[in-house]
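Colleague: Contents of upload13.txt (compact mmCIF, C-alpha atoms) are below:
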# COMPACT_ATOMS: atom_id res chain seq x y z
CA MET A 1 10.82 -23.50 30.39
CA LEU A 2 12.00 -21.33 27.53
CA LYS A 3 9.19 -20.57 25.13
CA VAL A 4 10.30 -20.05 21.53
CA VAL A 5 8.13 -17.51 19.72
CA PRO A 6 8.35 -17.19 15.91
CA MET A 7 9.76 -13.77 15.01
CA TRP A 8 6.89 -12.98 12.68
CA SER A 9 4.40 -13.25 15.51
CA SER A 10 5.87 -10.21 17.24
CA PRO A 11 4.67 -6.68 16.37
CA ILE A 12 8.17 -5.39 17.09
CA ASN A 13 10.15 -8.03 15.25
CA GLY A 14 12.47 -5.44 13.71
CA LEU A 15 13.59 -4.31 17.16
CA VAL A 16 13.84 -7.89 18.45
CA VAL A 17 16.17 -8.75 15.56
CA ALA A 18 18.29 -5.66 16.22
CA LEU A 19 18.61 -6.36 19.94
CA CYS A 20 19.17 -10.09 19.59
CA LEU A 21 21.95 -9.50 17.10
CA GLY A 22 23.62 -7.23 19.61
CA VAL A 23 23.50 -9.92 22.31
CA THR A 24 25.94 -12.11 20.37
CA GLY A 25 28.64 -9.48 20.71
CA LEU A 26 28.31 -8.18 24.24
CA SER A 27 32.08 -7.81 24.49
CA ALA A 28 32.09 -5.27 21.64
CA ALA A 29 31.62 -1.63 22.56
CA GLU A 30 28.32 -0.18 21.37
CA PRO A 31 28.13 3.59 20.84
CA ALA A 32 26.03 5.23 23.54
CA TRP A 33 25.50 8.81 24.66
CA VAL A 34 23.56 10.78 27.23
CA ALA A 35 20.81 13.26 26.37
CA LYS A 36 20.98 16.82 27.64
CA PRO A 37 19.55 17.36 31.12
CA GLY A 38 15.89 18.32 31.27
CA PRO A 39 12.52 17.54 32.84
CA TRP A 40 12.48 14.26 30.89
CA GLY A 41 15.08 12.79 33.26
CA ASP A 42 18.50 11.22 32.75
CA LEU A 43 18.31 9.52 29.34
CA GLN A 44 20.82 7.14 27.79
CA VAL A 45 20.68 6.69 24.01
CA ARG A 46 21.91 3.96 21.66
CA ALA A 47 21.33 3.14 18.01
CA VAL A 48 19.59 0.02 16.71
CA TYR A 49 18.99 -0.99 13.10
CA LEU A 50 15.57 -2.21 12.02
CA GLU A 51 15.24 -4.57 9.05
CA PRO A 52 11.91 -5.07 7.26
CA PRO A 53 10.29 -8.49 7.78
CA GLU A 54 10.85 -10.98 4.97
CA ASN A 55 7.17 -10.88 3.95
CA ILE A 56 7.54 -7.16 3.17
CA LEU A 57 10.83 -7.54 1.29
CA ALA A 58 9.28 -10.31 -0.80
CA VAL A 59 6.68 -7.99 -2.34
CA VAL A 60 8.79 -4.85 -2.80
CA ALA A 61 9.95 -4.11 -6.36
CA LYS A 62 13.70 -4.49 -6.75
CA PRO A 63 16.06 -2.78 -9.22
CA SER A 64 18.14 -4.47 -11.89
CA SER A 65 21.93 -4.51 -11.65
CA VAL A 66 22.23 -1.84 -14.38
CA THR A 67 22.89 1.69 -13.14
CA ARG A 68 20.99 4.37 -15.08
CA TRP A 69 21.34 8.13 -14.82
CA THR A 70 18.63 10.14 -16.55
CA PHE A 71 19.32 13.74 -17.62
CA GLU A 72 16.11 15.41 -18.75
CA GLN A 73 15.61 18.19 -21.29
CA THR A 74 19.24 18.32 -22.38
CA THR A 75 21.79 17.01 -24.88
CA VAL A 76 24.97 14.95 -24.61
CA ASN A 77 26.96 18.20 -24.61
CA GLY A 78 24.70 19.48 -21.85
CA VAL A 79 25.41 16.35 -19.80
CA ARG A 80 29.13 16.83 -20.39
CA ALA A 81 28.87 20.37 -19.02
CA ILE A 82 27.01 19.11 -15.92
CA MET A 83 29.66 16.48 -15.25
CA GLU A 84 32.53 18.92 -15.73
CA LYS A 85 30.87 21.47 -13.44
CA ALA A 86 30.48 18.74 -10.79
CA GLY A 87 34.21 18.12 -10.91
CA VAL A 88 34.22 14.71 -12.63
CA SER A 89 37.69 14.23 -14.13
CA ALA A 90 38.05 14.49 -17.91
CA PRO A 91 39.04 10.82 -18.48
CA VAL A 92 36.01 9.62 -16.50
CA VAL A 93 33.70 11.99 -18.40
CA GLU A 94 34.97 10.60 -21.69
CA ARG A 95 34.32 7.03 -20.59
CA LEU A 96 30.87 7.86 -19.19
CA LEU A 97 29.85 9.48 -22.45
CA GLY A 98 31.28 6.79 -24.70
CA PRO A 99 28.97 5.55 -27.48
CA THR A 100 28.11 2.29 -25.68
CA GLN A 101 27.28 4.09 -22.41
CA VAL A 102 24.78 6.68 -23.67
CA VAL A 103 21.19 6.37 -24.89
CA VAL A 104 19.49 9.46 -26.32
CA SER A 105 15.68 9.51 -26.39
CA GLY A 106 14.14 12.77 -27.51
CA ASN A 107 15.28 15.47 -25.11
CA ASN A 108 16.47 12.95 -22.52
CA VAL A 109 19.95 11.49 -22.19
CA VAL A 110 20.45 8.23 -20.27
CA VAL A 111 23.96 7.33 -19.11
CA LEU A 112 24.82 3.74 -18.17
CA PRO A 113 27.94 4.05 -16.01
CA LYS A 114 30.22 1.10 -15.28
CA VAL A 115 31.19 0.26 -11.72
CA ASP A 116 34.84 1.18 -12.35
CA ASP A 117 33.79 4.67 -13.42
CA LEU A 118 31.58 5.08 -10.37
CA VAL A 119 34.55 4.23 -8.15
CA ALA A 120 36.84 6.56 -10.10
CA MET A 121 34.80 9.62 -9.17
CA SER A 122 35.87 11.54 -6.06
CA GLN A 123 33.32 11.91 -3.29
CA PRO A 124 32.95 15.69 -3.85
CA ALA A 125 32.35 15.14 -7.59
CA ARG A 126 29.88 12.32 -6.91
CA SER A 127 28.05 14.49 -4.39
CA ALA A 128 27.72 17.41 -6.80
CA LEU A 129 26.62 15.18 -9.69
CA TYR A 130 24.13 13.18 -7.63
CA LEU A 131 22.55 16.36 -6.26
CA GLU A 132 21.92 17.34 -9.86
CA LEU A 133 20.51 13.90 -10.70
CA ALA A 134 18.28 14.08 -7.60
CA LYS A 135 16.31 16.91 -9.18
CA SER A 136 14.59 14.37 -11.47
CA PRO A 137 12.12 11.74 -10.16
CA ALA A 138 13.60 9.39 -12.79
CA ASN A 139 16.72 9.08 -10.62
CA GLU A 140 15.00 7.61 -7.57
CA TYR A 141 18.12 6.35 -5.81
CA GLN A 142 19.75 9.78 -5.90
CA ARG A 143 16.48 11.48 -5.02
CA ASP A 144 15.83 9.14 -2.06
CA PRO A 145 19.23 7.76 -1.03
CA VAL A 146 20.07 5.45 1.84
CA PHE A 147 21.02 7.62 4.83
CA ILE A 148 23.89 6.62 7.09
CA HIS A 149 22.52 8.55 10.07
CA GLY A 150 25.11 9.56 12.60
CA GLY A 151 27.76 9.29 9.86
CA ASP A 152 29.24 6.11 11.41
CA ILE A 153 29.56 3.71 8.50
CA ASP A 154 31.37 1.14 10.67
CA ASP A 155 28.44 0.98 13.08
CA TRP A 156 25.96 0.93 10.18
CA LEU A 157 27.70 -2.06 8.57
CA ALA A 158 28.56 -3.90 11.80
CA GLU A 159 25.65 -6.37 11.69
CA SER A 160 24.91 -6.34 7.95
CA ASP A 161 25.04 -9.52 5.86
CA LEU A 162 27.02 -7.93 3.05
CA GLY A 163 30.21 -9.72 2.02
CA LYS A 164 33.56 -7.97 2.35
CA PRO A 165 33.80 -6.99 -1.37
CA GLN A 166 30.33 -5.42 -1.25
CA GLN A 167 31.11 -3.57 1.97
CA GLU A 168 34.31 -2.19 0.45
CA LEU A 169 32.46 -1.07 -2.68
CA LEU A 170 29.71 0.58 -0.63
CA ARG A 171 32.30 2.57 1.33
CA LYS A 172 33.88 3.81 -1.92
CA LEU A 173 30.55 5.00 -3.31
CA LEU A 174 29.30 7.08 -0.37
CA TRP A 175 28.47 10.72 -0.99
CA ARG A 176 27.28 13.78 0.90
CA ARG A 177 23.85 15.36 0.76
CA GLY A 178 24.47 18.46 2.80
CA ALA A 179 25.91 17.21 6.11
CA ALA A 180 24.45 13.71 5.70
CA LEU A 181 26.42 10.67 4.55
CA VAL A 182 24.34 8.77 1.97
CA PHE A 183 24.48 5.94 -0.58
CA SER A 184 22.69 5.50 -3.93
CA ASP A 185 24.49 2.88 -6.04
CA ILE A 186 22.44 -0.16 -5.13
CA GLN A 187 22.76 -1.57 -8.64
CA ALA A 188 26.56 -1.56 -8.32
CA LEU A 189 26.33 -3.73 -5.20
CA LEU A 190 24.12 -6.16 -7.09
CA THR A 191 26.83 -6.70 -9.72
CA LEU A 192 28.90 -8.38 -6.99
CA SER A 193 26.12 -10.73 -5.87
CA LYS A 194 26.96 -14.34 -6.61
CA GLY A 195 23.55 -15.81 -5.89
CA PRO A 196 20.10 -15.28 -4.39
CA GLU A 197 21.43 -15.18 -0.82
CA GLU A 198 23.87 -12.36 -1.54
CA THR A 199 21.21 -10.49 -3.50
CA ALA A 200 18.83 -10.80 -0.55
CA ALA A 201 21.61 -9.53 1.74
CA VAL A 202 21.90 -6.37 -0.38
CA PHE A 203 18.20 -5.62 -0.03
CA ARG A 204 18.18 -6.31 3.69
CA THR A 205 21.11 -3.95 4.13
CA ILE A 206 19.86 -1.04 2.03
CA THR A 207 16.40 -1.17 3.59
CA ARG A 208 17.58 -1.26 7.21
CA VAL A 209 16.68 1.86 9.16
CA ARG A 210 18.52 3.36 12.12
CA SER A 211 16.42 4.09 15.17
CA LEU A 212 17.32 5.23 18.66
CA LEU A 213 16.86 3.11 21.76
CA VAL A 214 16.22 5.52 24.63
CA GLU A 215 16.30 4.50 28.29
CA LEU A 216 15.63 6.45 31.47
CA ARG A 217 18.28 5.89 34.11
CA LEU A 218 16.91 5.63 37.63
CA PRO A 219 16.73 6.69 40.37
CA LEU A 220 15.69 10.25 39.52
CA LYS A 221 18.19 12.73 40.88
CA GLU A 222 15.76 15.63 41.17
CA GLY A 223 12.62 17.22 39.73
CA ARG A 224 10.04 14.50 40.46
CA SER A 225 7.05 16.82 39.83
CA ALA A 226 8.59 18.28 36.66
CA PHE A 227 9.28 14.75 35.37
CA ILE A 228 5.68 13.63 35.88
CA ASP A 229 4.32 16.86 34.40
CA TYR A 230 6.54 16.57 31.31
CA TRP A 231 5.65 12.99 30.38
CA SER A 232 1.95 13.28 31.29
CA ALA A 233 1.69 16.19 28.81
CA GLY A 234 -0.84 18.21 30.74
CA GLN A 235 -3.04 15.13 31.27
CA LEU A 236 -3.18 14.31 27.56
CA ASN A 237 -1.15 11.26 28.52
CA ALA A 238 -2.87 10.77 31.87
CA GLU A 239 -3.18 7.00 31.44
CA ARG A 240 0.58 6.70 31.95
CA THR A 241 0.61 8.84 35.12
CA PRO A 242 0.35 5.90 37.62
CA PHE A 243 3.40 4.31 36.02
CA LEU A 244 5.28 7.63 35.93
CA VAL A 245 4.59 8.17 39.63
CA ALA A 246 5.66 4.62 40.45
CA ILE A 247 9.06 4.82 38.76
CA THR A 248 9.90 8.12 40.46
CA ARG A 249 9.89 6.12 43.71
CA ARG A 250 12.47 3.59 42.54
CA ARG A 251 15.68 3.80 44.53
CA ALA A 252 17.96 1.15 43.01
CA PRO A 253 19.97 1.87 39.81
CA GLN A 254 18.01 0.58 36.78
CA GLU A 255 16.85 1.55 33.28
CA VAL A 256 13.35 1.94 31.84
CA ASP A 257 12.65 2.11 28.11
CA VAL A 258 10.92 5.42 27.31
CA THR A 259 8.49 3.65 25.00
CA GLN A 260 6.70 2.85 28.27
CA PHE A 261 5.90 6.56 28.59
CA LEU A 262 4.28 6.89 25.15
CA PRO A 263 0.51 7.05 24.60
CA THR A 264 -1.18 3.80 23.54
CA LEU A 265 -1.08 4.11 19.74
CA ALA A 266 2.45 5.48 19.56
CA ARG A 267 3.65 2.77 21.93
CA ARG A 268 2.22 0.10 19.63
CA ARG A 269 3.76 1.54 16.48
CA VAL A 270 7.31 2.57 17.43
CA TYR A 271 10.00 0.21 16.04
CA THR A 272 7.51 -1.44 13.66
CA PHE A 273 6.97 -1.37 9.91
CA PRO A 274 3.52 -0.82 8.35
CA THR A 275 1.56 -3.90 7.37
CA ALA A 276 0.00 -4.43 3.96
CA ALA A 277 -3.44 -4.34 5.61
CA MET A 278 -2.84 -0.71 6.58
CA GLY A 279 -2.90 0.20 2.89
CA LEU A 280 -6.42 -1.11 2.32
CA LYS A 281 -7.79 2.42 2.76
CA GLY A 282 -5.82 3.55 -0.29
CA ARG A 283 -2.81 5.00 1.53
CA LEU A 284 -0.32 3.85 4.11
CA PRO A 285 0.22 5.97 7.23
CA ASP A 286 2.65 8.85 6.76
CA CYS A 287 4.25 11.49 8.95
CA HIS A 288 1.06 13.57 9.33
CA TRP A 289 -1.06 10.56 10.31
CA THR A 290 1.62 9.67 12.85
CA SER A 291 1.97 13.16 14.34
CA LEU A 292 -1.72 14.00 14.63
CA ASN A 293 -2.65 10.59 16.04
CA PHE A 294 0.07 10.72 18.70
CA PHE A 295 -2.28 11.09 21.69
CA GLU A 296 -5.07 8.94 20.22
CA GLU A 297 -5.90 5.50 21.56
CA GLU A 298 -7.18 4.38 18.16
CA PRO A 299 -6.04 5.97 14.87
CA LYS A 300 -8.14 8.52 13.01
CA ASP A 301 -7.63 7.71 9.37
CA LEU A 302 -9.03 11.02 8.17
CA TYR A 303 -5.43 12.25 8.69
CA LEU A 304 -4.43 10.17 5.68
CA ASP A 305 -5.96 13.07 3.75
CA SER A 306 -3.28 15.79 3.71
CA ALA A 307 -5.86 18.58 3.42
CA LYS A 308 -7.78 17.39 6.48
CA ALA A 309 -4.53 16.87 8.39
CA SER A 310 -3.47 20.44 7.60
CA GLU A 311 -6.88 21.79 8.59
CA HIS A 312 -6.71 20.01 11.96
CA LEU A 313 -3.19 21.28 12.63
CA LEU A 314 -4.09 24.89 11.88
CA ASN A 315 -7.44 24.88 13.72
CA ASP A 316 -6.70 22.79 16.82
CA TYR A 317 -3.04 23.54 17.50
CA VAL A 318 -1.21 26.74 18.39
CA ALA A 319 2.22 27.67 17.06
CA VAL A 320 4.97 27.48 19.70
CA ASP A 321 8.68 28.18 19.88
CA PRO A 322 11.37 26.11 21.63
CA PRO A 323 11.77 24.64 24.15
CA TYR A 324 9.28 22.08 22.90
CA LYS A 325 7.21 19.81 25.13
CA PHE A 326 6.44 16.11 24.88
CA GLY A 327 3.87 15.58 22.13
CA ASP A 328 4.42 18.86 20.28
CA VAL A 329 4.20 18.50 16.50
CA LEU A 330 7.29 19.81 14.71
CA CYS A 331 6.61 20.85 11.13
CA PHE A 332 9.30 21.37 8.50
CA LEU A 333 8.25 24.30 6.32
CA GLU A 334 9.65 26.00 3.25
CA ASN A 335 7.95 28.99 1.66
CA GLY A 336 4.64 27.96 3.21
CA GLU A 337 4.85 24.33 2.07
CA GLY A 338 4.73 21.61 4.72
CA LEU A 339 7.52 19.12 4.01
CA HIS A 340 7.30 16.82 7.03
CA THR A 341 5.99 16.52 10.58
CA CYS A 342 7.32 14.60 13.58
CA VAL A 343 6.65 14.54 17.33
CA GLN A 344 8.81 15.88 20.13
CA VAL A 345 9.79 13.17 22.63
CA ALA A 346 12.68 14.52 24.73
CA ASP A 347 15.78 16.66 24.24
CA ASP A 348 16.43 16.52 20.45
CA ILE A 349 14.74 13.10 20.07
CA VAL A 350 11.56 12.82 18.00
CA LEU A 351 9.14 10.11 16.92
CA THR A 352 8.91 10.08 13.14
CA LYS A 353 7.72 8.10 10.13
CA ASN A 354 9.71 9.25 7.14
CA GLY A 355 7.33 8.80 4.24
CA GLU A 356 4.36 6.67 3.33
CA SER A 357 6.42 3.69 2.16
CA ILE A 358 5.89 0.25 3.64
CA LEU A 359 9.68 0.27 4.10
CA ALA A 360 9.49 3.31 6.40
CA PRO A 361 9.08 2.23 10.05
CA TRP A 362 8.11 4.33 13.05
CA THR A 363 11.36 5.33 14.70
CA PHE A 364 13.02 7.55 17.27
CA MET A 365 15.52 9.86 15.59
CA SER A 366 17.49 12.96 16.46
CA LEU A 367 15.96 16.11 15.07
CA LYS A 368 19.24 16.79 13.27
CA ASP A 369 18.99 13.50 11.36
CA VAL A 370 15.40 14.31 10.35
CA ASP A 371 16.59 17.73 9.28
CA ASP A 372 19.24 16.10 7.06
CA ILE A 373 16.46 14.29 5.19
CA TYR A 374 13.95 17.09 4.74
CA ARG A 375 15.95 20.32 4.60
CA ARG A 376 15.76 21.65 1.04
CA SER A 377 17.66 24.88 1.54
CA GLU A 378 18.65 27.45 4.14
CA ASN A 379 15.04 28.69 3.94
CA THR A 380 13.70 25.45 5.44
CA ARG A 381 12.56 26.06 9.00
CA ILE A 382 10.96 24.11 11.84
CA GLN A 383 7.74 25.35 13.43
CA GLY A 384 6.36 23.76 16.58
CA TYR A 385 2.63 23.24 17.17
CA ARG A 386 0.92 22.35 20.44
CA LEU A 387 -2.64 21.16 21.02
CA LYS A 388 -4.78 24.02 22.27
CA GLY A 389 -5.66 23.92 25.96
CA ARG A 390 -2.42 22.31 27.17
Translate this file's structure into structure tokens.
Modeller:
Amino acid sequence: MLKVVPMWSSPINGLVVALCLGVTGLSAAEPAWVAKPGPWGDLQVRAVYLEPPENILAVVAKPSSVTRWTFEQTTVNGVRAIMEKAGVSAPVVERLLGPTQVVVSGNNVVVLPKVDDLVAMSQPARSALYLELAKSPANEYQRDPVFIHGGDIDDWLAESDLGKPQQELLRKLLWRRGAALVFSDIQALLTLSKGPEETAAVFRTITRVRSLLVELRLPLKEGRSAFIDYWSAGQLNAERTPFLVAITRRRAPQEVDVTQFLPTLARRRVYTFPTAAMGLKGRLPDCHWTSLNFFEEEPKDLYLDSAKASEHLLNDYVAVDPPYKFGDVLCFLENGEGLHTCVQVADDIVLTKNGESILAPWTFMSLKDVDDIYRRSENTRIQGYRLKGR
């Protein structure tokens, strides 16, 4: 008998939705690739898209349909100079700075661009202008854009609920932050919404997060001892050793999800979004909480305190260079400031939680995609840390 389980009862409902959606189109080719060879085994990788549960979307603040650009500590002439330097064409600049499109408040200038003018900008001009806008916290959608990881907009939109006009507009308004393809003009999409359902589709789409689905292909071709040693992490992950040994003995072709190799807490969290209850301690889990709790069976919430997390990392870990091992903490640094941490899984695949937000799930990502988010300049570097005694 088939047992129907409500989606909200599952701790990995985001992944279930992503996989079930894919089942309806088995005839369509899904992008897949193979990880580099290593002690982690023969890994096959695909992308899945996680959408926040409806109960989370219901309580998240949503923007209006009016696009606002805030230029701080400047004048209208200063804004004109910024736009011209970014490469915005003269006719578009004139329209953007028309009397009905500009609000001056003290030393701040707010521009209210129309959708037609957003579309009229070239992608290079939009990219240069939005990088300037991103310097101010007032421009949150330029500062924290939607990332199209992997750069495949067709794959990213394949299972979205956006209508064709909204999809076409989204494509026209993409821009580049470094090497990453990103999107910021959520308000413009909302102007095309014809009702609550289409508005909800916009929010589901812009809050979906790409994660990697990683599977080990069996049987192992070689390196049984190295495979067990890698995933057991010097006995830090000893509880998984019986399973690791067992699968090395499999002889028939088959796949095993690598989440089965993760320690208890990480295995519970990957592909899930935080719950509201997790915020009762004053903060939701972030990247540091995630990285430093990786080998824990139960979470230590003292790592919600950034100072204590930093102290633990510096006192109980040792700095290491590549090649990294399973469970190593990778820290993005710039001029001594810690920007982000994530955990080495295999090849260039890491476990990460990108921010404290309730809309930020625990995901597998490529290190390059994480780098696209957190790299501030050419001075940003990655430093590996490994628990002492490994």
Colleague: Using only C-alpha atoms, pick whichever of A:Leu57, A:Thr191, A:Gly41, A:Ala35 has the shortest atom-to-atom distance to Gly223 of chain A.
Modeller: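 Comparing A:Leu57, A:Thr191, A:Gly41, A:Ala35 against Gly223 of chain A, the winner is A:Gly41.
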Colleague: Work out where the centre of an axis-aligned box around every listed atom of segment 110-125 of chain A lies and how long its edges are once 5 Å is added on each side; give both in Å to one decimal as JSON.
Modeller:
{"center_x": 28.6, "center_y": 8.0, "center_z": -11.8, "size_x": 26.4, "size_y": 25.4, "size_z": 27.0}
Colleague: Which residue out of A:Gly327, A:Pro274, A:Pro165, A:Pro91 has the minimum interatomic distance to Pro53 of chain A when only C-alpha atoms are used?
Modeller: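 With only C-alpha atoms as the atom set, the closest residue is A:Pro274.
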Colleague: Using only C-alpha atoms for the distances, tell me which of A:Gly336, A:Pro219, A:Gly234, A:Pro322 is nearest to Thr248 of chain A.
Modeller: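 Answer, going by the shortest atom-to-atom distance: A:Pro219.
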Colleague: Would you list the residues near (-0.9, 2.0, 32.4), meaning any protein, DNA or RNA residue with an atom at most 10 Å from that point in file coordinates, counting all atoms listed in the file, as a ChimeraX atom specification?
Modeller: /A:238-244,260-261,263-264
Colleague: Might you pull out every residue within 12 Å of Asn315 of chain A, with all atoms listed in the file counted and same-chain residues fewer than 5 positions away left off, and present them as an mmCIF file with C-alpha atoms, in the coordinates of the input?
Modeller:
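Now in part-v8.cif:
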data_model
loop_
_atom_site.group_PDB
_atom_site.id
_atom_site.type_symbol
_atom_site.label_atom_id
_atom_site.label_comp_id
_atom_site.auth_asym_id
_atom_site.auth_seq_id
_atom_site.Cartn_x
_atom_site.Cartn_y
_atom_site.Cartn_z
ATOM 1 C CA LYS A 308 -7.780 17.390 6.480
ATOM 2 C CA ALA A 309 -4.530 16.870 8.390
ATOM 3 C CA SER A 310 -3.470 20.440 7.600
ATOM 4 C CA TYR A 385 2.630 23.240 17.170
ATOM 5 C CA ARG A 386 0.920 22.350 20.440
ATOM 6 C CA LEU A 387 -2.640 21.160 21.020
ATOM 7 C CA LYS A 388 -4.780 24.020 22.270
#
Colleague: Counting only C-alpha atoms, which residues come within 9 Å of (27.8, 17.8, -13.1), with the point read in the file's coordinates, and could you list them as a list in words?
Modeller: Val79, Arg80, Ala81, Ile82, Met83, Glu84, Lys85, Ala86, Gly87, Val88, Ala125, Arg126, Ala128, Leu129, Tyr130, Leu131, Glu132 and Leu133 of chain A
Colleague: What's around Val209 of chain A at 8 Å? Count only C-alpha atoms, leave out sequence neighbours fewer than 3 positions away in its own chain, and write the answer as a short mmCIF file (atom, residue, chain, number, x, y, z; two decimals) with C-alpha atoms, in the coordinates of the input.
Modeller:
data_model
loop_
_atom_site.label_atom_id
_atom_site.label_comp_id
_atom_site.auth_asym_id
_atom_site.auth_seq_id
_atom_site.Cartn_x
_atom_site.Cartn_y
_atom_site.Cartn_z
CA TYR A 49 18.99 -0.99 13.10
CA LEU A 50 15.57 -2.21 12.02
CA GLU A 51 15.24 -4.57 9.05
CA ALA A 360 9.49 3.31 6.40
CA PRO A 361 9.08 2.23 10.05
#
Colleague: Check the smallest atom-to-atom distance from each of A:Val202, A:Ile148, A:Leu284, A:Leu292 to Leu189 of chain A using all atoms listed in the file, then report the winner.
Modeller: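 With all atoms listed in the file as the atom set, the closest residue is A:Val202.
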Colleague: When you draw a straight line from atom CA of Trp289 of chain A to atom CA of Tyr303 of chain A, how long is it in Å?
Modeller: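 Answer for the atom CA of Trp289 of chain A to atom CA of Tyr303 of chain A separation: 5.0 Å.
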Colleague: To one decimal place, how far is atom CA of Gly282 of chain A from atom CA of Asp301 of chain A in Å?
Modeller: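 Straight-line distance from atom CA of Gly282 of chain A to atom CA of Asp301 of chain A works out to 10.7 Å.
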Colleague: One number please: atom CA of Asp117 of chain A to atom CA of Leu96 of chain A, in Å, one decimal.
Modeller: 7.2 Å
